[in-house]
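structure11.txt follows (compact mmCIF, C-alpha atoms):
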# COMPACT_ATOMS: atom_id res chain seq x y z
CA MET A 7 117.78 69.51 42.06
CA MET A 8 121.35 68.77 43.03
CA ARG A 9 121.99 72.43 43.64
CA ALA A 10 118.90 72.82 45.81
CA VAL A 11 119.79 69.93 48.11
CA LEU A 12 123.55 70.44 48.14
CA PRO A 13 124.38 74.08 47.55
CA TYR A 14 127.83 73.78 49.13
CA PRO A 15 128.97 70.17 48.84
CA LEU A 16 132.45 70.77 50.25
CA LEU A 17 131.10 72.64 53.25
CA SER A 18 128.55 69.92 53.96
CA LEU A 19 131.19 67.23 53.65
CA GLY A 20 133.52 69.15 55.94
CA LEU A 21 130.82 69.58 58.57
CA LEU A 22 129.90 65.91 58.40
CA VAL A 23 133.52 64.83 58.82
CA MET A 24 133.90 67.22 61.74
CA TRP A 25 130.73 65.90 63.39
CA LEU A 26 131.93 62.32 63.05
CA LEU A 27 135.41 63.14 64.35
CA LEU A 28 133.95 64.79 67.43
CA ASN A 29 131.22 62.27 68.16
CA GLY A 30 132.65 59.00 66.96
CA LEU A 31 131.64 56.97 63.97
CA SER A 32 128.23 55.33 64.30
CA ALA A 33 125.13 54.95 62.11
CA GLY A 34 123.13 57.32 64.30
CA HIS A 35 125.75 60.04 64.22
CA LEU A 36 126.23 59.57 60.50
CA LEU A 37 122.53 60.29 59.92
CA LEU A 38 122.38 63.15 62.40
CA GLY A 39 125.61 64.61 60.99
CA MET A 40 124.31 64.41 57.43
CA PHE A 41 121.09 66.12 58.46
CA LEU A 42 122.96 68.92 60.26
CA ALA A 43 125.45 69.34 57.42
CA LEU A 44 122.66 69.75 54.88
CA LEU A 45 120.79 72.14 57.15
CA ALA A 46 123.89 74.27 57.79
CA ALA A 47 124.74 74.44 54.09
CA LYS A 48 121.14 75.50 53.42
CA ALA A 49 121.46 78.28 55.99
CA MET A 50 124.76 79.27 54.40
CA THR A 51 123.03 80.09 51.10
CA ALA A 52 121.47 83.11 52.84
CA LEU A 53 124.99 84.55 53.24
CA GLN A 54 125.89 83.77 49.61
CA PRO A 55 129.58 83.16 50.16
CA ALA A 56 131.75 83.01 47.07
CA LYS A 57 132.11 79.44 45.97
CA PRO A 58 135.69 78.27 45.58
CA ARG A 59 136.33 76.58 42.26
CA ILE A 60 138.83 73.81 42.58
CA ARG A 61 139.87 72.71 39.12
CA SER A 62 142.05 69.85 40.10
CA TRP A 63 143.00 68.18 43.34
CA ALA A 64 146.33 66.64 42.34
CA PRO A 65 148.38 69.87 42.58
CA LEU A 66 146.73 70.63 45.93
CA LEU A 67 147.83 67.30 47.34
CA ARG A 68 151.35 67.84 46.04
CA LEU A 69 151.35 71.33 47.51
CA PHE A 70 150.22 69.94 50.85
CA ARG A 71 153.13 67.50 50.91
CA ILE A 72 155.64 70.17 49.95
CA VAL A 73 154.34 72.64 52.53
CA ALA A 74 154.28 70.04 55.30
CA GLY A 75 157.99 69.41 54.67
CA ASP A 76 158.79 73.11 54.43
CA ILE A 77 157.07 73.84 57.74
CA VAL A 78 159.13 71.18 59.50
CA ARG A 79 162.34 72.56 57.97
CA SER A 80 161.56 76.18 58.83
CA ASN A 81 160.56 75.22 62.36
CA ILE A 82 164.04 73.81 62.81
CA ALA A 83 165.63 76.81 61.10
CA VAL A 84 163.83 79.38 63.25
CA ALA A 85 164.46 77.40 66.44
CA GLN A 86 168.17 77.47 65.58
CA LEU A 87 168.00 81.21 64.96
CA VAL A 88 166.54 81.72 68.43
CA LEU A 89 169.22 79.62 70.08
CA ASN A 90 172.05 81.10 68.05
CA ARG A 91 173.37 83.96 70.14
CA GLY A 92 174.59 86.14 67.32
CA HIS A 93 177.30 83.82 66.07
CA ARG A 94 176.30 84.96 62.64
CA GLU A 95 175.01 88.34 61.62
CA ARG A 96 171.34 87.91 60.75
CA THR A 97 169.38 90.39 58.73
CA SER A 98 165.65 90.43 58.40
CA GLY A 99 163.74 92.47 55.92
CA PHE A 100 160.83 92.97 53.60
CA VAL A 101 160.56 91.29 50.22
CA THR A 102 158.13 92.37 47.53
CA ILE A 103 156.85 89.63 45.27
CA PRO A 104 154.73 90.09 42.14
CA ILE A 105 151.85 87.63 42.38
CA ASP A 106 149.83 86.62 39.32
CA LEU A 107 147.12 84.74 41.19
CA GLN A 108 143.71 86.39 41.06
CA ASP A 109 141.50 83.73 42.59
CA ARG A 110 140.57 84.59 46.17
CA THR A 111 140.72 81.05 47.46
CA ALA A 112 144.15 80.57 45.95
CA LEU A 113 145.37 83.78 47.62
CA THR A 114 143.87 82.65 50.91
CA VAL A 115 145.70 79.35 50.71
CA LEU A 116 148.92 81.19 49.88
CA ALA A 117 148.38 83.44 52.91
CA VAL A 118 147.92 80.43 55.14
CA ILE A 119 151.11 78.85 53.76
CA VAL A 120 153.20 82.00 54.17
CA THR A 121 152.00 82.70 57.71
CA SER A 122 152.07 79.18 59.04
CA THR A 123 155.65 78.74 57.89
CA PRO A 124 157.87 80.16 60.63
CA GLY A 125 160.31 82.69 59.25
CA THR A 126 158.00 84.28 56.73
CA ALA A 127 155.09 86.59 57.51
CA TRP A 128 152.50 87.96 55.12
CA VAL A 129 152.46 91.71 55.64
CA GLU A 130 150.62 93.38 52.82
CA TYR A 131 148.95 92.57 49.53
CA HIS A 132 147.77 95.01 46.88
CA SER A 133 145.04 93.45 44.81
CA ALA A 134 145.29 96.15 42.14
CA SER A 135 148.98 95.67 41.37
CA GLY A 136 149.17 92.09 42.59
CA GLU A 137 152.18 92.87 44.75
CA LEU A 138 152.68 90.94 47.91
CA MET A 139 154.97 92.10 50.65
CA ILE A 140 156.30 89.55 53.09
CA HIS A 141 158.71 89.90 55.96
CA VAL A 142 161.52 87.37 56.15
CA LEU A 143 163.31 86.66 59.40
CA ASP A 144 166.54 85.35 57.93
CA LEU A 145 166.99 87.26 54.72
CA ARG A 146 170.07 86.39 52.75
CA GLU A 147 169.09 86.66 49.12
CA GLU A 148 165.84 88.42 48.17
CA GLN A 149 165.58 86.58 44.87
CA ASP A 150 165.56 83.22 46.67
CA TRP A 151 162.31 84.12 48.41
CA VAL A 152 160.70 85.44 45.25
CA ASP A 153 161.60 82.18 43.52
CA LEU A 154 160.38 80.12 46.46
CA ILE A 155 156.93 81.70 46.53
CA LYS A 156 156.55 81.88 42.76
CA ASN A 157 157.93 78.52 41.67
CA ARG A 158 157.19 76.37 44.65
CA TYR A 159 153.76 77.55 45.75
CA GLU A 160 152.20 79.89 43.23
CA ARG A 161 152.60 77.58 40.24
CA LEU A 162 150.79 74.72 41.97
CA LEU A 163 148.08 77.03 43.26
CA ALA A 164 147.51 78.37 39.78
CA GLU A 165 147.21 74.82 38.47
CA ALA A 166 144.67 73.99 41.15
CA PHE A 167 142.48 77.07 41.07
CA GLU A 168 142.87 78.93 37.80
CA MET B 1122 140.45 57.91 83.93
CA SER B 1123 144.12 57.51 83.19
CA PRO B 1124 145.38 53.95 83.28
CA ALA B 1125 147.85 52.57 85.77
CA PRO B 1126 151.40 53.12 84.45
CA ALA B 1127 151.88 49.39 83.96
CA ASP B 1128 149.06 49.26 81.38
CA PHE B 1129 150.70 51.80 79.18
CA PRO B 1130 153.20 50.24 76.74
CA LEU B 1131 156.73 51.56 76.81
CA TRP B 1132 156.98 52.29 73.08
CA ALA B 1133 153.89 54.50 73.28
CA ALA B 1134 155.18 56.27 76.37
CA ILE B 1135 158.45 57.05 74.59
CA LEU B 1136 156.64 58.33 71.51
CA VAL B 1137 154.25 60.47 73.56
CA ALA B 1138 157.10 61.92 75.59
CA LEU B 1139 159.11 62.62 72.45
CA PHE B 1140 156.31 64.52 70.73
CA LEU B 1141 155.41 66.38 73.92
CA LEU B 1142 159.03 67.48 74.25
CA ILE B 1143 159.22 68.59 70.63
CA GLY B 1144 155.94 70.48 70.88
CA SER B 1145 156.55 72.17 74.19
CA GLY B 1146 160.20 72.81 73.32
CA LEU B 1147 159.30 74.62 70.11
CA THR B 1148 156.58 76.61 71.87
CA PHE B 1149 159.08 77.58 74.55
CA LEU B 1150 161.67 78.62 71.95
CA GLY B 1151 158.97 80.72 70.28
CA ALA B 1152 158.17 82.49 73.54
CA PHE B 1153 161.87 82.89 74.33
CA GLY B 1154 162.59 84.35 70.92
CA LEU B 1155 159.70 86.75 71.35
CA LEU B 1156 161.60 88.15 74.32
CA ARG B 1157 165.00 88.18 72.65
CA PHE B 1158 164.27 89.61 69.24
CA LYS B 1159 164.25 93.34 68.94
CA SER B 1160 161.85 94.66 66.32
CA PHE B 1161 158.13 94.04 65.96
CA TYR B 1162 158.49 92.46 62.53
CA GLU B 1163 161.06 89.99 63.79
CA ARG B 1164 158.94 89.12 66.76
CA ILE B 1165 155.88 88.39 64.69
CA HIS B 1166 157.61 85.26 63.36
CA LEU B 1167 158.04 83.61 66.72
CA PRO B 1168 154.45 82.75 67.65
CA THR B 1169 154.23 80.73 64.44
CA LEU B 1170 156.59 78.22 66.05
CA GLY B 1171 153.90 77.62 68.62
CA THR B 1172 151.08 77.48 66.11
CA SER B 1173 152.79 75.11 63.70
CA TRP B 1174 154.85 72.27 65.17
CA GLY B 1175 154.63 73.54 68.73
CA ALA B 1176 150.93 72.81 68.81
CA GLY B 1177 151.38 70.01 66.29
CA GLY B 1178 153.76 68.03 68.48
CA ILE B 1179 151.50 68.28 71.51
CA LEU B 1180 148.47 67.27 69.44
CA VAL B 1181 150.28 64.26 67.96
CA ALA B 1182 151.26 63.21 71.48
CA SER B 1183 147.63 63.57 72.56
CA MET B 1184 146.45 61.48 69.62
CA ILE B 1185 148.89 58.68 70.41
CA PHE B 1186 148.14 58.71 74.13
CA PHE B 1187 144.36 58.59 73.84
CA SER B 1188 144.40 56.18 70.90
CA VAL B 1189 146.45 53.72 72.96
CA THR B 1190 144.55 54.11 76.23
CA GLN B 1191 141.11 53.91 74.60
CA SER B 1192 142.16 51.22 72.08
CA ARG B 1193 140.53 53.09 69.19
CA PRO B 1194 141.83 55.82 66.90
CA VAL B 1195 141.31 59.23 68.48
CA VAL B 1196 141.99 61.81 65.80
CA HIS B 1197 139.77 64.79 66.55
CA GLU B 1198 142.93 66.72 67.48
CA ILE B 1199 143.29 67.20 63.73
CA LEU B 1200 140.44 69.69 63.99
CA ILE B 1201 142.38 71.76 66.54
CA ALA B 1202 145.40 71.80 64.23
CA LEU B 1203 143.21 72.73 61.27
CA PHE B 1204 141.49 75.63 63.02
CA ILE B 1205 144.74 76.96 64.48
CA THR B 1206 146.27 76.89 61.00
CA VAL B 1207 143.45 78.71 59.26
CA THR B 1208 142.90 81.33 61.97
CA THR B 1209 146.53 82.31 62.66
CA PRO B 1210 146.87 84.35 59.45
CA VAL B 1211 143.90 86.50 60.46
CA SER B 1212 145.40 87.79 63.70
CA LEU B 1213 148.91 87.87 62.28
CA MET B 1214 147.93 90.00 59.29
CA LEU B 1215 145.87 92.27 61.48
CA LEU B 1216 148.85 92.90 63.77
CA ALA B 1217 151.34 93.26 60.91
CA ARG B 1218 149.20 95.73 59.01
CA ALA B 1219 148.46 97.76 62.12
CA ALA B 1220 152.18 98.00 62.85
CA LEU B 1221 152.93 98.90 59.25
CA TYR B 1222 150.27 101.59 59.29
CA ARG B 1223 151.65 103.07 62.49
CA ASP B 1224 155.24 103.01 61.24
CA ARG B 1225 154.28 104.67 57.98
CA THR B 1226 152.24 107.37 59.71
CA GLU B 1227 155.18 108.08 61.97
CA GLY B 1228 157.42 108.27 58.92
CA ASN B 1229 159.60 105.40 60.09
CA GLU B 1230 162.36 104.89 57.53
CA SER B 1231 162.80 101.19 58.15
CA VAL B 1232 159.52 100.13 56.54
CA PRO B 1233 158.88 100.28 52.79
CA PRO B 1234 156.60 103.07 51.54
CA ILE B 1235 152.99 102.56 50.61
CA GLY B 1236 152.05 100.51 47.61
CA PRO B 1237 153.99 99.19 44.65
CA GLU B 1238 157.23 100.69 43.44
CA PRO B 1239 156.45 104.21 42.25
CA GLU B 1240 157.32 103.31 38.65
CA ASP B 1241 153.71 103.72 37.51
CA GLY B 1242 153.40 107.09 39.18
CA LEU B 1243 149.93 106.32 40.50
CA SER B 1244 150.88 105.40 44.01
CA GLN B 1245 152.69 108.68 44.49
CA GLN B 1246 149.56 110.72 43.84
CA THR B 1247 147.40 108.77 46.25
CA GLU B 1248 149.70 109.35 49.17

Spit out the file's structure as structure tokens when you get a sec.
Amino acid sequence: MMRAVLPYPLLSLGLLVMWLLLNGLSAGHLLLGMFLALLAAKAMTALQPAKPRIRSWAPLLRLFRIVAGDIVRSNIAVAQLVLNRGHRERTSGFVTIPIDLQDRTALTVLAVIVTSTPGTAWVEYHSASGELMIHVLDLREEQDWVDLIKNRYERLLAEAFE
Amino acid sequence: MSPAPADFPLWAAILVALFLLIGSGLTFLGAFGLLRFKSFYERIHLPTLGTSWGAGGILVASMIFFSVTQSRPVVHEILIALFITVTTPVSLMLLARAALYRDRTEGNESVPPIGPEPEDGLSQQTE
């Protein structure tokens, strides 16, 4: 019963929140938004998207806080790199990182983190070997970046999704 | 539509101006760096300044401005930030992988070869 009415609860909730943000909070829009969210989720079942399994929310919230801080820091770092007219020799390069995550949603979140942080760019991922290649703008020590991705992000993602 | 300047409190004006400057400044630095940096892979980092706090600063300024002038919380800018964040990786990966593919086909030495380290021997055969 629950599955028939709410096949994708997170999607429905997201759509409802989006509807209310765009139209303002009122009883009428709440009802209309709920109706549309249920309808859209129903239509979504025809596409049969893979359902993300979120095992626990606490690590995700912690990850969000950490990433928000990291993005601010790397914004400042990259802005300084642009302004710095070669006072210091800067090398950029590729770093290969072995990733143990298998869950697609977890990998997607990792991709969003790596790309939305200035200074690191997701270049290539091999699902068979689990090797991720990123490009780092200011590469000083390769191991630092491997540790950063593995200890700072991957561990929390594994806790949340696997 | 916009209120007379006298209606707009000073503290809000300062905050809005500050966030607008941060946002537009970072976006400008991103565009400037795009011109200055030399290789494709270095350049690909610069637009992310605009899509992270560049856009973020401008959106925060917008939220403060419209929340103050309309005397109610206006937060739908969060949606813009959310969609920018989740869609940037798509175009960025597409560009990066296209460049990588081209460089490898041309036999460019500066990019790493295909696949994992050839220690397992498999990747060598598939080339």

Can you check which parts of chain B lie within 8 Å of chain A? Per residue, the shortest pair of atoms and distance in Å to one decimal, counting only C-alpha atoms, sorted by chain and number, as a tab-separated table.
residue	atom	partner	partner_atom	distance
B:Leu1147	CA	A:Ala85	CA	6.9
B:Leu1150	CA	A:Ala85	CA	6.3
B:Gly1151	CA	A:Ala85	CA	7.5
B:Phe1153	CA	A:Val88	CA	7.6
B:Gly1154	CA	A:Val88	CA	5.4
B:Arg1157	CA	A:Val88	CA	7.9
B:Tyr1162	CA	A:His141	CA	7.1
B:Glu1163	CA	A:Leu143	CA	6.0
B:Ile1165	CA	A:Ala127	CA	7.4
B:His1166	CA	A:Gly125	CA	5.5
B:Leu1167	CA	A:Pro124	CA	7.0
B:Thr1169	CA	A:Pro124	CA	5.3
B:Leu1170	CA	A:Pro124	CA	5.9
B:Thr1172	CA	A:Ser122	CA	7.3
B:Ser1173	CA	A:Ser122	CA	6.2
B:Trp1174	CA	A:Asn81	CA	7.0
B:Val1196	CA	A:Leu27	CA	6.9
B:His1197	CA	A:Leu27	CA	5.2
B:Leu1200	CA	A:Met24	CA	7.3
B:Thr1206	CA	A:Ser122	CA	6.5
B:Val1207	CA	A:Val118	CA	6.3
B:Thr1209	CA	A:Ser122	CA	7.3
B:Pro1210	CA	A:Thr121	CA	5.7
B:Leu1213	CA	A:Thr121	CA	7.6
B:Met1214	CA	A:Val129	CA	6.1
B:Ala1217	CA	A:Val129	CA	5.6
B:Arg1218	CA	A:Val129	CA	6.2
B:Val1232	CA	A:Phe100	CA	7.9
B:Pro1233	CA	A:Phe100	CA	7.6
B:Gly1236	CA	A:His132	CA	7.0
B:Pro1237	CA	A:Glu137	CA	6.6

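For the pair atom CA of B:Glu1227 and atom CA of B:Ala1152, the interatomic distance is 28.2 Å.
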
- Message: Under the rule that only C-alpha atoms are counted, which of A:Leu21, A:Val73, A:Asn90, A:Thr51 is the nearest residue to A:Leu116?
- Response: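 Among the listed residues, the smallest separation from A:Leu116 belongs to A:Val73.
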
- What separation in Å, quoted to one decimal, exists between atom CA of A:Ile60 and atom CA of A:Phe167? 5.1 Å

- Message: Report, in Å with one decimal, the straight-line distance from atom CA of B:Ser1160 to atom CA of B:Ser1231.
- Response: 10.5 Å

As lines of an AutoDock Vina configuration file, please: the centre and edge lengths in Å, to one decimal, of an axis-aligned box enclosing every listed atom of stretch 96-107 of chain A with 6 Å added on each side.
center_x = 159.2
center_y = 88.9
center_z = 50.0
size_x = 36.2
size_y = 20.2
size_z = 33.4

- Could you pull the residues within 12 Å of stretch 52-54 of chain A, counting all atoms listed in the file, minus those fewer than 6 positions along the same chain, as a ChimeraX atom specification? /A:13-14,45-46

Complete stretch 76-87 of chain A at the level of N, CA and C atoms, written as a PDB file, in the frame of the given file.
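File written: selection.pdb
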ATOM      1  N   ASP A  76     158.195  71.786  54.243  1.00  0.00           N
ATOM      2  CA  ASP A  76     158.790  73.110  54.430  1.00  0.00           C
ATOM      3  C   ASP A  76     158.562  73.631  55.836  1.00  0.00           C
ATOM      4  N   ILE A  77     157.371  73.331  56.396  1.00  0.00           N
ATOM      5  CA  ILE A  77     157.070  73.840  57.740  1.00  0.00           C
ATOM      6  C   ILE A  77     157.981  73.170  58.762  1.00  0.00           C
ATOM      7  N   VAL A  78     158.212  71.866  58.592  1.00  0.00           N
ATOM      8  CA  VAL A  78     159.130  71.180  59.500  1.00  0.00           C
ATOM      9  C   VAL A  78     160.520  71.801  59.411  1.00  0.00           C
ATOM     10  N   ARG A  79     160.998  71.992  58.162  1.00  0.00           N
ATOM     11  CA  ARG A  79     162.340  72.560  57.970  1.00  0.00           C
ATOM     12  C   ARG A  79     162.447  73.955  58.569  1.00  0.00           C
ATOM     13  N   SER A  80     161.421  74.805  58.341  1.00  0.00           N
ATOM     14  CA  SER A  80     161.560  76.180  58.830  1.00  0.00           C
ATOM     15  C   SER A  80     161.359  76.252  60.337  1.00  0.00           C
ATOM     16  N   ASN A  81     160.627  75.290  60.902  1.00  0.00           N
ATOM     17  CA  ASN A  81     160.560  75.220  62.360  1.00  0.00           C
ATOM     18  C   ASN A  81     161.948  75.026  62.942  1.00  0.00           C
ATOM     19  N   ILE A  82     162.682  74.082  62.337  1.00  0.00           N
ATOM     20  CA  ILE A  82     164.040  73.810  62.810  1.00  0.00           C
ATOM     21  C   ILE A  82     164.926  75.029  62.607  1.00  0.00           C
ATOM     22  N   ALA A  83     164.775  75.663  61.415  1.00  0.00           N
ATOM     23  CA  ALA A  83     165.630  76.810  61.100  1.00  0.00           C
ATOM     24  C   ALA A  83     165.398  77.955  62.083  1.00  0.00           C
ATOM     25  N   VAL A  84     164.126  78.255  62.362  1.00  0.00           N
ATOM     26  CA  VAL A  84     163.830  79.380  63.250  1.00  0.00           C
ATOM     27  C   VAL A  84     164.244  79.053  64.687  1.00  0.00           C
ATOM     28  N   ALA A  85     164.032  77.795  65.095  1.00  0.00           N
ATOM     29  CA  ALA A  85     164.460  77.400  66.440  1.00  0.00           C
ATOM     30  C   ALA A  85     165.965  77.592  66.592  1.00  0.00           C
ATOM     31  N   GLN A  86     166.715  77.266  65.529  1.00  0.00           N
ATOM     32  CA  GLN A  86     168.170  77.470  65.580  1.00  0.00           C
ATOM     33  C   GLN A  86     168.519  78.941  65.654  1.00  0.00           C
ATOM     34  N   LEU A  87     167.744  79.771  64.930  1.00  0.00           N
ATOM     35  CA  LEU A  87     168.000  81.210  64.960  1.00  0.00           C
ATOM     36  C   LEU A  87     167.809  81.771  66.371  1.00  0.00           C
TER      37      LEU A  87
END
